[in-house]
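J.: I'd like to ask you about the structure that follows.
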Amino acid sequence: MDMFPCFTRLASLLLICASSAWASPGIIINEDDSHFFGSRSPEQMTVDGLNAFVDQYAGTRVSHLFLCPNAKKASYRSAVWDAIWDFKGTQQQPQEEFAKKWVENARLLYERGLDPYAMWIARCREKGISPWISMRMNDVHNADDVDCYIHSSFWREHHEYWRVPEGKGSWVERAFDYGLPEVRAYHMVFIRELLERYDPDGLELDWMRFGYHFKPGREAEGCELLTQFMKDVRALTKEWAVKRGHPIQLGARVPTHPDAATGLGMDGVRWVREGLIDMLVPTPFWATSDFDIPIELWRERIGGAAKGIVLAAGQEILLQAYPGAKQIGNDLRSVRGFAAAHFHRGADQIYLFNYMDPEPMQGPPGSYRALLEHGLALDDVMRLSRRCPVTYRDTVPAGMSNGAALPVDPAKGGEFRIYIGAAPKNGAAAFVVGLTKPAPPEGPAFDVSVNGKSCPRAASAPDASAFPGAACALAFDCPLDALKDGYNAVRIRQAEAPAGQQVIWAELTIP
């Protein structure tokens with residue numbers, strides 16, 4: 001019997017099923033390797049406790065749960081990597097309460113014969129949520145402390161496998177160097193175990209934990225190595241898709257700008273063009289959400305192959321106006337602003353990272369629940385109040401600008417390009433700034449304009465506590481007929497600004 005037509009029909013069926021899983025925009029939530037275990041009691045380490053975690057998302061706008069089983073160790077009893085509760089040599093057991101609960105609860109589930117990831121995958125399918133496994137490819141939390149409980153024995157025993165052997169600078173100096181075959185083999189073994197052990201709808205390789213994978217200056221060679229690595233993983237997911245009888249898609253998280261991604265060895269454009277992945281998530285690392293992800297540039301570079309993948313805009317939980325500035329969490333309005341802008345730019349989905357229960361966001365109690373239940377459909381985010389703050393790119397290669405536009409000396413003046421999506425047709429809009437010094441009503445006037453049209457100072461001032469580090473905040477009314485789809489150029493200047501005055505926050509808001 002000729003098996004080729006049968007295989008072709010199966011492959012076509014798998015492709016149709018994969019496409020239907022992304023039929024309409026929902027919300028993608030990433031659950032990290034520690035949060036569930038560290039935020040629950042031992043009494044919740046049961047079948048009911050595991051099911052309750054998934055059930056909170058059932059019937060909401062959450063369409064996909066991405067379940068992360070690892071950092072340097074696995075949060076289950078792996079046959080090929082250390083488990084989070086394995087301690088060897090001089091390695092310290094955790095003392096901090098959250099970490100102790102993580103270790104103890106993960107071990108307790110193992111002792112009770114409960115595999116959380118297998119159970120979550122099954123429960124997701126029962127509740128109509130698509131389950132994925134998300135593998136962190138190079139996590140270096142606490143890398144300054146070699147004896148920290150979080151580190152694997154492989155990492156602790158092989159400093160020669162670090163990007164900068166015996167590195168003493170930033171955490172990422174002690175990330176694994178994927179230029180070494182031993183490092184690639186070590187991670188490939190874990191990928192094989194994940195696919196053999198679990199039955200997800202997809203596997204995501206999270207290259208943004210922590211985003212630096214090669215010795216400084218060796219990233220160009222790294223591009224070739226990671227592309228081959230992705231080819232090898234793609235072959236595995238295809239093999240297991242046939243065994244499981246359903247699609248196992250492959251996704252990747254990479255830096256927000258295609259040049260940053262390629263410059264750090266993560267050639268997401270090529271991966272899509274060569275058919276190696278089904279989903280690409282341009283995303284920041286952690287320091288801030290990036291409100292200027294050039295989705296349209298990704299589509300232009302990818303070309304016609306973009307029609308065959310899901311391009312998801314990744315949003316972090318934090319906001320930071322510029323490197324070193326104080327951070328604050330996103331609220332409902334800023335999440336809507338992010339969604340409005342990036343759907344307008346061509347994103348297929350919104351992917352939320354570190355948005356873990358019960359209340360990860362700024363704003364009143366219930367904000368997270370409201371996000372889950374109401375979702376981020378384009379029609380909704382366009383008609384509701386939203387914010388578009390000025391941020392920057394937190395992960396770029398050496399020599400590439402991070403795009404930071406703040407802080408600004410108002411006496412010298414500054415200009416911001418802010419992407420808002422489609423311009424509002426009615427209602428109101430404002431430009432809001434946070435300042436390091438008070439600005440009394442009788443003080444020197446500000447000259448503010450949007451796309452060349454003057455914006456008068458608003459009668460009431462926003463609450464400065466909403467803008468980290470600001471001593472005061474001011475709002476300026478923006479004429480609706482001045483606003484444009486996409487980018488809007490906003491200028492600010494104060495001819496006689498007080499000495500030391502700085503603009504440290506800026507955003508366009510649509511109340």
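Residues in the structure tokens are named by chain (A, B, ... in the order shown) and by number from 1 within that chain; ligands are numbered from 1 in the order shown.
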Excluding stretch 35-41 of chain A and any residue of its chain fewer than 6 positions from it, enumerate the residues within 6 Å of it, using only C-alpha atoms, and give them as a list in words.
T.: Phe98, Lys101, Trp102 and Asn105 of chain A
J.: Could you write out the selected residues, including N, CA and C atoms, as a compact mmCIF listing (two decimals), in the first residue's frame?
T.:
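Okay, out_8.txt is ready:
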# COMPACT_ATOMS: atom_id res chain seq x y z
N PHE A 98 8.72 32.32 49.50
CA PHE A 98 8.20 31.90 48.20
C PHE A 98 9.03 30.76 47.64
N LYS A 101 8.44 27.43 49.41
CA LYS A 101 7.17 26.82 49.01
C LYS A 101 7.27 26.22 47.62
N TRP A 102 7.97 26.91 46.71
CA TRP A 102 8.17 26.38 45.36
C TRP A 102 8.82 24.99 45.42
N ASN A 105 6.50 22.40 47.52
CA ASN A 105 5.25 22.01 46.87
C ASN A 105 5.49 21.21 45.60
J.: Give me the residues near stretch 352-356 of chain A as a list in words, where near means some atom within 9 Å (using only C-alpha atoms) and where sequence neighbours in that chain fewer than 5 positions away do not count.
T.: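 Close residues of stretch 352-356 of chain A: Ile27, Ile28, Ile29, Asn30, Glu31, Asp32, His35, Phe36, Trp286, Ala313, Gly314, Gln315, Glu316, Ile317, Leu318, Met361 and Tyr368 of chain A.
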J.: Emit the selected residues as a compact mmCIF listing (two decimals), in the first residue's frame, including C-alpha atoms.
T.:
# COMPACT_ATOMS: atom_id res chain seq x y z
CA ILE A 27 -5.34 36.16 25.21
CA ILE A 28 -2.21 34.07 25.64
CA ILE A 29 -1.08 33.72 29.27
CA ASN A 30 2.36 32.40 30.21
CA GLU A 31 2.55 30.62 33.58
CA ASP A 32 6.15 30.51 34.78
CA HIS A 35 4.45 30.93 40.51
CA PHE A 36 1.87 28.18 41.09
CA TRP A 286 11.34 42.05 31.54
CA ALA A 313 2.93 40.97 20.24
CA GLY A 314 4.41 40.21 23.67
CA GLN A 315 3.66 42.49 26.61
CA GLU A 316 5.48 42.34 29.92
CA ILE A 317 3.81 43.23 33.22
CA LEU A 318 6.11 46.19 33.92
CA MET A 361 -1.67 44.54 37.59
CA TYR A 368 -6.96 41.16 36.28
J.: For A:Val448, find every residue with an atom within 12 Å (counting only C-alpha atoms), except residues of its own chain fewer than 6 positions away, and show them as a PyMOL selection string.
T.: chain A and resi 410+413-416+430-433+454-458+474-479+489-495+506
J.: Point out the residue among A:Lys168, A:Arg299, A:Gly26, A:Asp485 with the least atom-to-atom distance to A:Arg61, counting only C-alpha atoms.
T.: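 Of A:Lys168, A:Arg299, A:Gly26, A:Asp485, the one nearest A:Arg61 is A:Gly26, counting only C-alpha atoms.
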J.: As number ranges by chain, list the residues of stretch 249-497 of chain A assigned to alpha helix (DSSP H) by DSSP on the backbone atoms of this structure.
T.: A: 258-263, 268-273, 295-302, 332-344, 367-374, 378-383
J.: I need the chosen residues saved as a PDB file, in the first residue's frame, with C-alpha atoms.
T.:
ATOM      1  CA  PRO A 258      14.051  42.134  13.932  1.00  0.00           C
ATOM      2  CA  ASP A 259      17.513  43.743  13.885  1.00  0.00           C
ATOM      3  CA  ALA A 260      17.869  43.201  17.629  1.00  0.00           C
ATOM      4  CA  ALA A 261      16.803  39.586  17.237  1.00  0.00           C
ATOM      5  CA  THR A 262      19.245  38.853  14.425  1.00  0.00           C
ATOM      6  CA  GLY A 263      21.975  40.858  16.137  1.00  0.00           C
ATOM      7  CA  GLY A 268      13.156  34.983  13.714  1.00  0.00           C
ATOM      8  CA  VAL A 269      12.619  36.235  10.168  1.00  0.00           C
ATOM      9  CA  ARG A 270      14.589  33.341   8.727  1.00  0.00           C
ATOM     10  CA  TRP A 271      12.888  30.828  11.007  1.00  0.00           C
ATOM     11  CA  VAL A 272       9.527  31.857   9.621  1.00  0.00           C
ATOM     12  CA  ARG A 273      10.664  32.036   6.009  1.00  0.00           C
ATOM     13  CA  ILE A 295       4.993  44.343  13.734  1.00  0.00           C
ATOM     14  CA  GLU A 296       4.644  45.761  10.233  1.00  0.00           C
ATOM     15  CA  LEU A 297       8.444  45.595   9.786  1.00  0.00           C
ATOM     16  CA  TRP A 298       8.459  41.965  10.864  1.00  0.00           C
ATOM     17  CA  ARG A 299       5.751  41.241   8.266  1.00  0.00           C
ATOM     18  CA  GLU A 300       7.646  43.129   5.564  1.00  0.00           C
ATOM     19  CA  ARG A 301      10.879  41.230   6.249  1.00  0.00           C
ATOM     20  CA  ILE A 302       9.111  37.858   6.474  1.00  0.00           C
ATOM     21  CA  LEU A 332      -6.116  47.848  32.201  1.00  0.00           C
ATOM     22  CA  ARG A 333      -5.826  51.069  30.229  1.00  0.00           C
ATOM     23  CA  SER A 334      -2.189  50.521  29.260  1.00  0.00           C
ATOM     24  CA  VAL A 335      -2.879  46.900  28.282  1.00  0.00           C
ATOM     25  CA  ARG A 336      -5.695  48.154  26.053  1.00  0.00           C
ATOM     26  CA  GLY A 337      -3.403  50.793  24.574  1.00  0.00           C
ATOM     27  CA  PHE A 338      -0.795  48.151  23.804  1.00  0.00           C
ATOM     28  CA  ALA A 339      -3.388  45.911  22.160  1.00  0.00           C
ATOM     29  CA  ALA A 340      -4.937  48.748  20.123  1.00  0.00           C
ATOM     30  CA  ALA A 341      -1.546  49.800  18.781  1.00  0.00           C
ATOM     31  CA  HIS A 342      -0.250  46.341  17.926  1.00  0.00           C
ATOM     32  CA  PHE A 343      -3.427  44.947  16.411  1.00  0.00           C
ATOM     33  CA  HIS A 344      -3.388  48.048  14.216  1.00  0.00           C
ATOM     34  CA  SER A 367      -8.541  44.477  37.241  1.00  0.00           C
ATOM     35  CA  TYR A 368      -6.963  41.160  36.281  1.00  0.00           C
ATOM     36  CA  ARG A 369     -10.303  39.401  36.332  1.00  0.00           C
ATOM     37  CA  ALA A 370     -11.792  42.134  34.168  1.00  0.00           C
ATOM     38  CA  LEU A 371      -8.961  41.666  31.668  1.00  0.00           C
ATOM     39  CA  LEU A 372      -9.550  37.925  31.503  1.00  0.00           C
ATOM     40  CA  GLU A 373     -13.313  38.198  31.151  1.00  0.00           C
ATOM     41  CA  HIS A 374     -13.528  41.121  28.726  1.00  0.00           C
ATOM     42  CA  LEU A 378      -9.906  45.257  18.742  1.00  0.00           C
ATOM     43  CA  ASP A 379     -13.408  46.769  18.786  1.00  0.00           C
ATOM     44  CA  ASP A 380     -13.385  46.815  22.584  1.00  0.00           C
ATOM     45  CA  VAL A 381      -9.933  48.291  23.098  1.00  0.00           C
ATOM     46  CA  MET A 382     -10.660  50.993  20.521  1.00  0.00           C
ATOM     47  CA  ARG A 383     -13.826  52.212  22.225  1.00  0.00           C
TER      48      ARG A 383
END
J.: Set the distance at 7 Å and use only C-alpha atoms: which residues neighbour stretch 215-228 of chain A once local chain neighbours fewer than 5 positions away are removed? I'd like the list as a PyMOL selection string.
T.: chain A and resi 163-164+177+179+262-267+271
